[in-house]
Structure formats: structure tokens, C-alpha cells
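Structure file structure_24.pdb; described as PDB, C-alpha atoms and all ligand atoms.
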ATOM      1  CA  MET A  99     -95.045  27.996-113.092
ATOM      2  CA  GLN A 100     -92.307  25.437-113.755
ATOM      3  CA  SER A 101     -89.021  26.606-112.182
ATOM      4  CA  LYS A 102     -86.414  27.822-114.626
ATOM      5  CA  ILE A 103     -83.967  25.347-116.154
ATOM      6  CA  THR A 104     -80.548  26.449-117.429
ATOM      7  CA  ILE A 105     -78.799  24.445-120.151
ATOM      8  CA  ALA A 106     -75.145  25.020-121.151
ATOM      9  CA  ILE A 107     -74.047  24.266-124.716
ATOM     10  CA  GLN A 108     -70.968  25.106-126.771
ATOM     11  CA  ARG A 109     -71.146  28.556-128.367
ATOM     12  CA  LYS A 110     -69.287  27.620-131.527
ATOM     13  CA  GLY A 111     -67.322  24.600-132.658
ATOM     14  CA  ARG A 112     -67.872  20.948-133.386
ATOM     15  CA  LEU A 113     -70.605  20.421-130.780
ATOM     16  CA  TYR A 114     -72.634  23.549-131.463
ATOM     17  CA  GLU A 115     -74.898  22.663-134.423
ATOM     18  CA  ASN A 116     -75.957  19.260-133.102
ATOM     19  CA  SER A 117     -76.462  20.592-129.565
ATOM     20  CA  LYS A 118     -78.629  23.463-130.790
ATOM     21  CA  ASN A 119     -80.631  21.168-133.100
ATOM     22  CA  LEU A 120     -81.229  18.668-130.310
ATOM     23  CA  LEU A 121     -82.709  21.373-128.062
ATOM     24  CA  ILE A 122     -84.856  22.721-130.901
ATOM     25  CA  LYS A 123     -86.064  19.195-131.784
ATOM     26  CA  SER A 124     -86.962  18.746-128.105
ATOM     27  CA  GLY A 125     -89.410  21.625-128.529
ATOM     28  CA  ILE A 126     -87.313  24.403-126.959
ATOM     29  CA  ASN A 127     -87.635  27.495-129.157
ATOM     30  CA  PHE A 128     -84.700  29.894-128.949
ATOM     31  CA  SER A 129     -82.427  31.827-131.232
ATOM     32  CA  ALA A 130     -78.684  31.879-130.667
ATOM     33  CA  ASN A 131     -77.488  34.582-132.977
ATOM     34  CA  GLY A 132     -74.097  36.215-133.242
ATOM     35  CA  GLU A 133     -72.179  36.899-130.099
ATOM     36  CA  ARG A 134     -75.043  36.302-127.689
ATOM     37  CA  LEU A 135     -73.967  34.319-124.588
ATOM     38  CA  LEU A 136     -77.418  33.816-123.071
ATOM     39  CA  ALA A 137     -80.500  32.863-125.064
ATOM     40  CA  ARG A 138     -83.937  32.790-123.427
ATOM     41  CA  SER A 139     -86.406  30.276-124.760
ATOM     42  CA  SER A 140     -89.517  31.954-126.151
ATOM     43  CA  ASN A 141     -91.859  29.067-125.267
ATOM     44  CA  MET A 142     -90.402  27.455-122.106
ATOM     45  CA  ASN A 143     -88.902  28.677-118.861
ATOM     46  CA  ILE A 144     -85.426  27.732-120.061
ATOM     47  CA  ASP A 145     -82.206  29.725-120.423
ATOM     48  CA  ILE A 146     -79.466  28.501-122.761
ATOM     49  CA  LEU A 147     -75.886  29.462-121.828
ATOM     50  CA  LEU A 148     -73.603  29.606-124.879
ATOM     51  CA  VAL A 149     -70.062  28.973-123.647
ATOM     52  CA  ARG A 150     -66.745  27.275-124.419
ATOM     53  CA  ASP A 151     -67.044  23.509-124.129
ATOM     54  CA  ASP A 152     -64.259  23.487-121.495
ATOM     55  CA  ASP A 153     -66.455  25.522-119.132
ATOM     56  CA  ILE A 154     -69.471  23.202-119.336
ATOM     57  CA  PRO A 155     -68.402  20.516-116.780
ATOM     58  CA  SER A 156     -67.684  23.118-114.105
ATOM     59  CA  LEU A 157     -70.851  25.167-114.777
ATOM     60  CA  VAL A 158     -72.884  21.975-114.381
ATOM     61  CA  SER A 159     -70.883  20.680-111.388
ATOM     62  CA  LYS A 160     -71.500  23.985-109.578
ATOM     63  CA  GLY A 161     -75.200  23.857-110.450
ATOM     64  CA  VAL A 162     -75.015  27.105-112.443
ATOM     65  CA  ALA A 163     -76.443  25.028-115.287
ATOM     66  CA  ASP A 164     -78.922  22.188-114.681
ATOM     67  CA  LEU A 165     -77.927  20.401-117.864
ATOM     68  CA  GLY A 166     -75.026  20.599-120.298
ATOM     69  CA  ILE A 167     -73.864  19.015-123.526
ATOM     70  CA  VAL A 168     -70.158  18.199-123.754
ATOM     71  CA  GLY A 169     -67.794  15.568-125.157
ATOM     72  CA  GLN A 170     -67.003  12.612-122.887
ATOM     73  CA  ASN A 171     -63.322  13.406-123.533
ATOM     74  CA  VAL A 172     -63.589  16.854-121.924
ATOM     75  CA  LEU A 173     -65.709  15.618-119.020
ATOM     76  CA  ALA A 174     -63.360  12.687-118.323
ATOM     77  CA  GLU A 175     -60.206  14.851-118.499
ATOM     78  CA  GLN A 176     -61.589  17.477-116.151
ATOM     79  CA  ALA A 177     -62.954  14.881-113.720
ATOM     80  CA  ALA A 178     -59.553  13.130-113.672
ATOM     81  CA  ALA A 179     -57.769  16.451-113.027
ATOM     82  CA  ASN A 180     -60.104  18.034-110.484
ATOM     83  CA  ASN A 181     -62.282  16.358-107.868
ATOM     84  CA  LYS A 182     -64.664  19.324-107.898
ATOM     85  CA  ILE A 183     -65.851  18.229-111.332
ATOM     86  CA  THR A 184     -68.674  15.950-110.300
ATOM     87  CA  ALA A 185     -71.138  16.327-113.209
ATOM     88  CA  LYS A 186     -72.657  13.015-114.258
ATOM     89  CA  PRO A 187     -73.469  11.819-117.774
ATOM     90  CA  LEU A 188     -77.205  11.122-118.154
ATOM     91  CA  LEU A 189     -77.382  10.148-121.808
ATOM     92  CA  LYS A 190     -75.109   9.516-124.779
ATOM     93  CA  LEU A 191     -76.218  11.715-127.664
ATOM     94  CA  GLY A 192     -74.707   9.908-130.656
ATOM     95  CA  PHE A 193     -72.869  12.850-132.225
ATOM     96  CA  SER A 194     -69.324  14.269-132.174
ATOM     97  CA  LYS A 195     -67.998  10.729-132.090
ATOM     98  CA  CYS A 196     -64.241  10.471-131.898
ATOM     99  CA  LYS A 197     -61.581   8.701-129.868
ATOM    100  CA  LEU A 198     -58.571   9.690-127.836
ATOM    101  CA  ALA A 199     -55.637   7.738-129.224
ATOM    102  CA  PHE A 200     -51.839   7.508-129.177
ATOM    103  CA  ALA A 201     -50.106   8.200-132.485
ATOM    104  CA  LYS A 202     -46.491   8.258-133.652
ATOM    105  CA  PRO A 203     -44.653   9.406-136.787
ATOM    106  CA  LEU A 204     -44.913   6.943-139.692
ATOM    107  CA  ASN A 205     -41.168   6.305-139.601
ATOM    108  CA  SER A 206     -40.978   5.901-135.807
ATOM    109  CA  LYS A 207     -39.659   2.629-134.359
ATOM    110  CA  LEU A 208     -41.482   3.234-131.078
ATOM    111  CA  ARG A 209     -42.897  -0.041-129.695
ATOM    112  CA  SER A 210     -44.070   0.952-126.228
ATOM    113  CA  LEU A 211     -44.756   4.103-124.244
ATOM    114  CA  LYS A 212     -42.112   3.238-121.645
ATOM    115  CA  ASN A 213     -39.798   6.199-120.916
ATOM    116  CA  LYS A 214     -41.232   8.148-123.846
ATOM    117  CA  ASN A 215     -42.260  11.808-124.023
ATOM    118  CA  ILE A 216     -45.973  12.019-124.790
ATOM    119  CA  ALA A 217     -47.507  15.340-125.869
ATOM    120  CA  THR A 218     -51.219  15.793-125.236
ATOM    121  CA  SER A 219     -54.031  18.195-124.371
ATOM    122  CA  TYR A 220     -55.384  15.450-122.076
ATOM    123  CA  PRO A 221     -52.613  15.074-119.460
ATOM    124  CA  ALA A 222     -54.831  13.799-116.628
ATOM    125  CA  LEU A 223     -56.323  11.013-118.763
ATOM    126  CA  VAL A 224     -52.913  10.020-120.133
ATOM    127  CA  LYS A 225     -51.361   9.967-116.632
ATOM    128  CA  LYS A 226     -54.275   7.845-115.376
ATOM    129  CA  TYR A 227     -53.760   5.433-118.275
ATOM    130  CA  LEU A 228     -50.010   5.203-117.569
ATOM    131  CA  ILE A 229     -50.571   4.515-113.859
ATOM    132  CA  LYS A 230     -53.232   1.894-114.608
ATOM    133  CA  ASN A 231     -50.825   0.121-116.954
ATOM    134  CA  SER A 232     -47.735   0.603-114.710
ATOM    135  CA  ILE A 233     -45.876   2.539-117.405
ATOM    136  CA  THR A 234     -43.311   5.231-116.558
ATOM    137  CA  ALA A 235     -43.341   8.006-119.154
ATOM    138  CA  GLU A 236     -43.225  11.797-119.408
ATOM    139  CA  VAL A 237     -46.468  13.653-120.153
ATOM    140  CA  ILE A 238     -46.142  17.068-121.815
ATOM    141  CA  LYS A 239     -49.241  19.239-121.775
ATOM    142  CA  ILE A 240     -49.795  21.206-124.954
ATOM    143  CA  ASN A 241     -53.004  23.029-125.855
ATOM    144  CA  GLY A 242     -52.888  23.064-129.652
ATOM    145  CA  SER A 243     -50.976  21.775-132.697
ATOM    146  CA  VAL A 244     -50.161  18.577-130.806
ATOM    147  CA  GLU A 245     -49.466  16.845-134.150
ATOM    148  CA  LEU A 246     -46.416  19.035-134.662
ATOM    149  CA  THR A 247     -44.600  18.047-131.457
ATOM    150  CA  PRO A 248     -42.860  14.843-132.679
ATOM    151  CA  TYR A 249     -41.290  16.869-135.509
ATOM    152  CA  ILE A 250     -39.890  19.677-133.388
ATOM    153  CA  GLY A 251     -38.155  17.415-130.900
ATOM    154  CA  ILE A 252     -40.652  17.902-128.069
ATOM    155  CA  ALA A 253     -42.252  14.462-128.035
ATOM    156  CA  ASP A 254     -41.833  10.880-129.229
ATOM    157  CA  CYS A 255     -45.560  10.446-129.702
ATOM    158  CA  ILE A 256     -48.866  12.162-129.062
ATOM    159  CA  CYS A 257     -52.239  11.377-127.532
ATOM    160  CA  ASP A 258     -54.991  13.320-129.275
ATOM    161  CA  LEU A 259     -58.542  13.170-130.610
ATOM    162  CA  VAL A 260     -58.997  11.203-133.800
ATOM    163  CA  SER A 261     -62.178  11.037-135.841
ATOM    164  CA  SER A 262     -61.590  10.310-139.543
ATOM    165  CA  GLY A 263     -57.814  10.033-139.149
ATOM    166  CA  ALA A 264     -57.315  12.707-141.839
ATOM    167  CA  THR A 265     -55.411  15.066-139.521
ATOM    168  CA  LEU A 266     -53.047  12.285-138.446
ATOM    169  CA  GLU A 267     -52.487  11.284-142.057
ATOM    170  CA  ALA A 268     -51.867  14.873-143.145
ATOM    171  CA  ASN A 269     -49.154  15.090-140.496
ATOM    172  CA  ASN A 270     -47.547  11.711-141.276
ATOM    173  CA  LEU A 271     -48.712  10.201-138.017
ATOM    174  CA  VAL A 272     -50.169   6.746-137.408
ATOM    175  CA  GLU A 273     -52.387   5.649-134.533
ATOM    176  CA  PHE A 274     -51.028   2.761-132.462
ATOM    177  CA  LYS A 275     -53.255   2.576-129.388
ATOM    178  CA  SER A 276     -56.688   3.845-128.396
ATOM    179  CA  LEU A 277     -57.266   5.290-124.903
ATOM    180  CA  MET A 278     -61.007   6.025-124.977
ATOM    181  CA  ASP A 279     -63.992   6.420-127.286
ATOM    182  CA  SER A 280     -65.931   9.641-126.979
ATOM    183  CA  GLU A 281     -69.196  11.224-128.056
ATOM    184  CA  ALA A 282     -71.364  14.097-126.882
ATOM    185  CA  VAL A 283     -73.222  13.463-123.628
ATOM    186  CA  LEU A 284     -75.978  15.207-121.702
ATOM    187  CA  ILE A 285     -74.686  15.949-118.206
ATOM    188  CA  SER A 286     -76.316  17.053-114.961
ATOM    189  CA  PRO A 287     -75.174  18.036-111.472
ATOM    190  CA  VAL A 288     -74.927  15.077-109.088
ATOM    191  CA  THR A 289     -77.918  16.347-107.115
ATOM    192  CA  LEU A 290     -80.584  17.018-109.684
ATOM    193  CA  ASN A 291     -83.289  18.811-107.720
ATOM    194  CA  LYS A 292     -85.013  21.019-110.250
ATOM    195  CA  ILE A 293     -86.223  18.474-112.763
TER
HETATM  196  P1  LIG A 301     -64.152  25.732-127.633
HETATM  197  O1  LIG A 301     -63.874  26.997-128.378
HETATM  198  O2  LIG A 301     -65.623  25.600-127.256
HETATM  199  O3  LIG A 301     -63.231  25.494-126.467
HETATM  200  P2  LIG A 301     -62.731  23.520-128.916
HETATM  201  O4  LIG A 301     -61.849  24.086-129.978
HETATM  202  O5  LIG A 301     -62.144  23.095-127.606
HETATM  203  O6  LIG A 301     -63.948  24.554-128.695
HETATM  204  P3  LIG A 301     -63.984  21.708-130.840
HETATM  205  O7  LIG A 301     -62.869  21.530-131.802
HETATM  206  O8  LIG A 301     -65.182  22.487-131.255
HETATM  207  O9  LIG A 301     -63.488  22.246-129.401
HETATM  208  O10 LIG A 301     -64.418  20.238-130.401
HETATM  209  C1  LIG A 301     -65.420  20.028-129.453
HETATM  210  C2  LIG A 301     -65.576  18.541-129.192
HETATM  211  O11 LIG A 301     -65.976  17.882-130.395
HETATM  212  C3  LIG A 301     -64.331  17.795-128.755
HETATM  213  O12 LIG A 301     -64.021  17.962-127.387
HETATM  214  C4  LIG A 301     -64.753  16.359-129.060
HETATM  215  O13 LIG A 301     -65.615  15.879-128.056
HETATM  216  C5  LIG A 301     -65.556  16.514-130.333
HETATM  217  N1  LIG A 301     -64.816  16.082-131.568
HETATM  218  C6  LIG A 301     -65.287  15.237-132.500
HETATM  219  N2  LIG A 301     -64.427  15.004-133.474
HETATM  220  C7  LIG A 301     -63.357  15.709-133.214
HETATM  221  C8  LIG A 301     -62.106  15.882-133.868
HETATM  222  N3  LIG A 301     -61.805  15.272-135.003
HETATM  223  N4  LIG A 301     -61.220  16.719-133.308
HETATM  224  C9  LIG A 301     -61.520  17.379-132.194
HETATM  225  N5  LIG A 301     -62.683  17.221-131.514
HETATM  226  C10 LIG A 301     -63.598  16.401-132.011
HETATM  227 ZN    ZN A 302     -62.620  23.656-125.823
END
If you took the structure in this file and wrote it as C-alpha cells, what would it be?
Amino acid sequence: MQSKITIAIQRKGRLYENSKNLLIKSGINFSANGERLLARSSNMNIDILLVRDDDIPSLVSKGVADLGIVGQNVLAEQAAANNKITAKPLLKLGFSKCKLAFAKPLNSKLRSLKNKNIATSYPALVKKYLIKNSITAEVIKINGSVELTPYIGIADCICDLVSSGATLEANNLVEFKSLMDSEAVLISPVTLNKI
């Protein structure tokens, strides 16, 4: 019998529906109902782990999962922050497209990032960008409500995910520089020995 394959996908959130549909369209029958964290395929020797997207790069890097579906943004941030994150993208999947971009308040006179306070949930990617461009600036890590930080005196600008731009607009922010484009990717451990 074919050895078992374990695939990690997001349990709920922006990646979930498309990830689940992709597996089902690939012929893997499974049901991921309610609070279940492990779904066994009924027609293939495949287990689906239903987890937070942030846990997918490390589960795949450790080989706990043979495949995973995660945003390039999360994979790139974790790989930049931690050299144990070695999972490799195999394929771009064409969904959950967005970009990581710098934005400032509409009325801000900010012209460059030099000596500015930048709030972000992606500190490793922002620091890498600053080093690459020889810019000295302060990076403030914040996990949520990043858009609020320029208005409460914490930051001059932010670096956050943008898709339609509606969230920026609703918070009177305007994008001024893009750091990276992102979409969902299929990832595997560096040594793929089961498939
Ligand atoms: P989890 O509970 O699994 O940690 P989360 O809240 O971190 O979920 P989601 O908001 O579900 O994550 O987003 C998952 C991924 O979807 C993002 O990392 C990104 O790759 C992608 N994405 C696409 N568009 C957007 C957007 N406008 N804002 C945030 N993420 C987006
Ligand atoms: Zn997450």
C-alpha cells in the first residue's frame, strides 16, 4: 500500500476554502467539519491536518506534514526569522493573492523610511528590506490592528498585507511602496522522500 501522506492546511480563515477545494478537486475525499483538527481521507492514504496558517511552515519543515498550503508572506517571514524553517515552495496556487506594502496616513508628509518607526506583523521581512536598501529605521512588531498604530503615536507608517486596499482606505491610509507580492503556495520539506 502507498505510504501515508500528511497535508497541512489552514483550519479557518482566508486560505481555508480554496485549500480544501483544491484537495477535493485533486480527488482526495475528506470532510473537515466543525472543530476537527485531523481529517482522514476516505479514499486515499492521506491525513489532513487542520491548523493555524502560522504553524504550517514549521510542521512541513520538521516533516510532520509532507505537504502544506500557506501564503508566501507567512513562509517568507518565518524563513527570514528562523533558519529552521526550511520548507520549499513547490507550486504557486493562484489564490489568496495580496501584497505586503508600506502605507502612511493620507495627511502624512513622510517621503522616506529613514529614521521612521514602522509597525508591522512582518518584522523579519521589513528588517531584511531595510538592510538590503541600507535604510536605518525602527521596526515595531505588532500582531493585529496594525492600521491603528499611526493614529495612536506608535508608528509613522505601517507595513501590512493589502489586497483590495479597502482596509487601508477605511483607515485613511495610503500605500507608498510594495515589499512583496504573495499568494498561496504548496510547500514541502526540503528532503521529499515519501512522494
Ligand atoms: P490563522 O487563524 O490561521 O492564524 P490568520 O488570521 O493569520 O489565520 P487570515 O486572515 O486567514 O490569517 O489570512 C491568511 C492568509 O491569507 C494571509 O497570510 C495571506 O497570505 C492571505 N491574504 C490574502 N488577502 C489578504 C488580506 N487582505 N489580508 C490578510 N491576508 C490576506
Ligand atoms: Zn495566522
Please report as CSV every residue of chain A lying within 9 Å of ligand LIG 301 (chain A), along with the nearest atom pair and their distance in Å (one decimal), using all atoms listed in the file.
residue,atom,partner,partner_atom,distance
A:Ile107,CA,A:LIG301,O2,8.9
A:Gln108,CA,A:LIG301,O2,5.4
A:Arg109,CA,A:LIG301,O2,6.4
A:Lys110,CA,A:LIG301,O2,6.0
A:Gly111,CA,A:LIG301,O8,3.3
A:Arg112,CA,A:LIG301,O8,3.8
A:Leu113,CA,A:LIG301,O11,5.3
A:Tyr114,CA,A:LIG301,O8,7.5
A:Val149,CA,A:LIG301,O2,6.6
A:Arg150,CA,A:LIG301,O2,3.5
A:Asp151,CA,A:LIG301,O2,4.0
A:Asp152,CA,A:LIG301,O3,5.5
A:Asp153,CA,A:LIG301,O3,8.0
A:Val168,CA,A:LIG301,O13,6.7
A:Gly169,CA,A:LIG301,O13,3.6
A:Gln170,CA,A:LIG301,O13,6.3
A:Asn171,CA,A:LIG301,O13,5.6
A:Val172,CA,A:LIG301,O12,5.6
A:Leu173,CA,A:LIG301,O12,8.9
A:Phe193,CA,A:LIG301,C6,8.0
A:Ser194,CA,A:LIG301,C6,4.2
A:Lys195,CA,A:LIG301,C6,5.3
A:Cys196,CA,A:LIG301,N2,4.8
A:Lys197,CA,A:LIG301,N2,7.8
A:Asp258,CA,A:LIG301,N4,8.2
A:Leu259,CA,A:LIG301,N4,5.2
A:Val260,CA,A:LIG301,N3,5.1
A:Ser261,CA,A:LIG301,N3,4.3
A:Ser262,CA,A:LIG301,N3,6.7
A:Gly263,CA,A:LIG301,N3,7.8
A:Ala264,CA,A:LIG301,N3,8.6
A:Thr265,CA,A:LIG301,N3,7.8
A:Ser280,CA,A:LIG301,O13,6.3
A:Glu281,CA,A:LIG301,O13,5.9
A:Ala282,CA,A:LIG301,O13,6.1
Next item on the list: Specify as a VMD selection string each residue included when the PyMOL selection byres (((chain A and resi 227-231) around 12) and not hetatm) is applied to this file.
Entry: chain A and resid 175 178 198 to 200 210 to 214 216 220 to 226 232 to 237 257 275 to 278
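For the set A:Ala137, A:Val244, A:Leu284, A:Leu191, the residue with the smallest atom-to-atom gap to Pro155 of chain A is A:Leu284, counting only C-alpha atoms.
Here atom CA of Asn131 of chain A stands at a distance of 23.9 Å from atom CA of Ile285 of chain A.
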Next item on the list: For Thr218 of chain A, work out the shell of residues within 6 Å, counting all atoms listed in the file and skipping chain neighbours fewer than 5 positions away, then give it as a list in words.
Entry: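 Listed by chain and then number, they are Lys239, Ile240, Ile256 and Cys257 of chain A.
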Next item on the list: With the file shown as input, list the residues that the PyMOL selection byres (((chain A and resi 130) around 10) and not hetatm) selects, as JSON, numbers by chain.
Entry: {"A": [109, 118, 128, 129, 131, 132, 133, 134, 135, 136, 137, 138, 139, 146, 147, 148]}
Notebook entry, point to check: In terms of the shortest atom-to-atom distance over all atoms listed in the file, which of A:Leu246, A:Val288, A:Ile183, A:Ile122 is closest to Leu165 of chain A?
Noted result: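 Looking only at the distances to Leu165 of chain A, the closest residue turns out to be A:Val288.
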Notebook entry, point to check: atom CA of Pro248 of chain A and atom ZN of ligand ZN 302 (chain A) are how many Å apart?
Noted result: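 So the answer is 22.7 Å.
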Please, can segment 265-283 of chain A be completed to N, CA, C and O atoms and returned as a PDB file, in the coordinates of the input?
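Output (out.pdb):
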ATOM      1  N   THR A 265     -56.421  14.149-140.092  1.00  0.00           N
ATOM      2  CA  THR A 265     -55.411  15.066-139.521  1.00  0.00           C
ATOM      3  C   THR A 265     -54.117  14.317-139.225  1.00  0.00           C
ATOM      4  O   THR A 265     -53.021  14.817-139.493  1.00  0.00           O
ATOM      5  N   LEU A 266     -54.250  13.097-138.701  1.00  0.00           N
ATOM      6  CA  LEU A 266     -53.047  12.285-138.446  1.00  0.00           C
ATOM      7  C   LEU A 266     -52.310  12.040-139.761  1.00  0.00           C
ATOM      8  O   LEU A 266     -51.100  12.260-139.866  1.00  0.00           O
ATOM      9  N   GLU A 267     -53.076  11.610-140.760  1.00  0.00           N
ATOM     10  CA  GLU A 267     -52.487  11.284-142.057  1.00  0.00           C
ATOM     11  C   GLU A 267     -51.787  12.502-142.668  1.00  0.00           C
ATOM     12  O   GLU A 267     -50.665  12.389-143.180  1.00  0.00           O
ATOM     13  N   ALA A 268     -52.446  13.656-142.566  1.00  0.00           N
ATOM     14  CA  ALA A 268     -51.867  14.873-143.145  1.00  0.00           C
ATOM     15  C   ALA A 268     -50.561  15.257-142.458  1.00  0.00           C
ATOM     16  O   ALA A 268     -49.744  15.981-143.012  1.00  0.00           O
ATOM     17  N   ASN A 269     -50.369  14.766-141.243  1.00  0.00           N
ATOM     18  CA  ASN A 269     -49.154  15.090-140.496  1.00  0.00           C
ATOM     19  C   ASN A 269     -48.212  13.896-140.363  1.00  0.00           C
ATOM     20  O   ASN A 269     -47.348  13.869-139.467  1.00  0.00           O
ATOM     21  N   ASN A 270     -48.408  12.900-141.254  1.00  0.00           N
ATOM     22  CA  ASN A 270     -47.547  11.711-141.276  1.00  0.00           C
ATOM     23  C   ASN A 270     -47.487  10.982-139.943  1.00  0.00           C
ATOM     24  O   ASN A 270     -46.430  10.517-139.515  1.00  0.00           O
ATOM     25  N   LEU A 271     -48.644  10.912-139.293  1.00  0.00           N
ATOM     26  CA  LEU A 271     -48.712  10.201-138.017  1.00  0.00           C
ATOM     27  C   LEU A 271     -49.604   8.969-138.181  1.00  0.00           C
ATOM     28  O   LEU A 271     -50.505   8.954-139.020  1.00  0.00           O
ATOM     29  N   VAL A 272     -49.357   7.960-137.352  1.00  0.00           N
ATOM     30  CA  VAL A 272     -50.169   6.746-137.408  1.00  0.00           C
ATOM     31  C   VAL A 272     -50.584   6.358-135.979  1.00  0.00           C
ATOM     32  O   VAL A 272     -49.774   6.395-135.054  1.00  0.00           O
ATOM     33  N   GLU A 273     -51.869   6.037-135.841  1.00  0.00           N
ATOM     34  CA  GLU A 273     -52.387   5.649-134.533  1.00  0.00           C
ATOM     35  C   GLU A 273     -51.833   4.279-134.144  1.00  0.00           C
ATOM     36  O   GLU A 273     -51.728   3.402-134.990  1.00  0.00           O
ATOM     37  N   PHE A 274     -51.462   4.106-132.871  1.00  0.00           N
ATOM     38  CA  PHE A 274     -51.028   2.761-132.462  1.00  0.00           C
ATOM     39  C   PHE A 274     -51.735   2.242-131.219  1.00  0.00           C
ATOM     40  O   PHE A 274     -51.576   1.075-130.866  1.00  0.00           O
ATOM     41  N   LYS A 275     -52.506   3.076-130.537  1.00  0.00           N
ATOM     42  CA  LYS A 275     -53.255   2.576-129.388  1.00  0.00           C
ATOM     43  C   LYS A 275     -54.380   3.545-129.045  1.00  0.00           C
ATOM     44  O   LYS A 275     -54.185   4.751-129.062  1.00  0.00           O
ATOM     45  N   SER A 276     -55.558   2.991-128.744  1.00  0.00           N
ATOM     46  CA  SER A 276     -56.688   3.845-128.396  1.00  0.00           C
ATOM     47  C   SER A 276     -56.820   3.930-126.874  1.00  0.00           C
ATOM     48  O   SER A 276     -56.628   2.940-126.170  1.00  0.00           O
ATOM     49  N   LEU A 277     -57.105   5.118-126.358  1.00  0.00           N
ATOM     50  CA  LEU A 277     -57.266   5.290-124.903  1.00  0.00           C
ATOM     51  C   LEU A 277     -58.744   5.301-124.517  1.00  0.00           C
ATOM     52  O   LEU A 277     -59.159   4.662-123.577  1.00  0.00           O
ATOM     53  N   MET A 278     -59.560   6.053-125.241  1.00  0.00           N
ATOM     54  CA  MET A 278     -61.007   6.025-124.977  1.00  0.00           C
ATOM     55  C   MET A 278     -61.811   6.469-126.192  1.00  0.00           C
ATOM     56  O   MET A 278     -61.349   7.259-126.997  1.00  0.00           O
ATOM     57  N   ASP A 279     -63.033   5.941-126.280  1.00  0.00           N
ATOM     58  CA  ASP A 279     -63.992   6.420-127.286  1.00  0.00           C
ATOM     59  C   ASP A 279     -64.768   7.565-126.670  1.00  0.00           C
ATOM     60  O   ASP A 279     -64.973   7.592-125.450  1.00  0.00           O
ATOM     61  N   SER A 280     -65.201   8.490-127.512  1.00  0.00           N
ATOM     62  CA  SER A 280     -65.931   9.641-126.979  1.00  0.00           C
ATOM     63  C   SER A 280     -67.078  10.034-127.897  1.00  0.00           C
ATOM     64  O   SER A 280     -66.999   9.835-129.113  1.00  0.00           O
ATOM     65  N   GLU A 281     -68.122  10.578-127.298  1.00  0.00           N
ATOM     66  CA  GLU A 281     -69.196  11.224-128.056  1.00  0.00           C
ATOM     67  C   GLU A 281     -69.821  12.268-127.149  1.00  0.00           C
ATOM     68  O   GLU A 281     -69.472  12.346-125.957  1.00  0.00           O
ATOM     69  N   ALA A 282     -70.715  13.073-127.704  1.00  0.00           N
ATOM     70  CA  ALA A 282     -71.364  14.097-126.882  1.00  0.00           C
ATOM     71  C   ALA A 282     -72.294  13.428-125.873  1.00  0.00           C
ATOM     72  O   ALA A 282     -72.947  12.431-126.191  1.00  0.00           O
ATOM     73  N   VAL A 283     -72.320  13.987-124.666  1.00  0.00           N
ATOM     74  CA  VAL A 283     -73.222  13.463-123.628  1.00  0.00           C
ATOM     75  C   VAL A 283     -73.987  14.611-122.976  1.00  0.00           C
ATOM     76  O   VAL A 283     -73.501  15.738-122.895  1.00  0.00           O
TER      77      VAL A 283
END
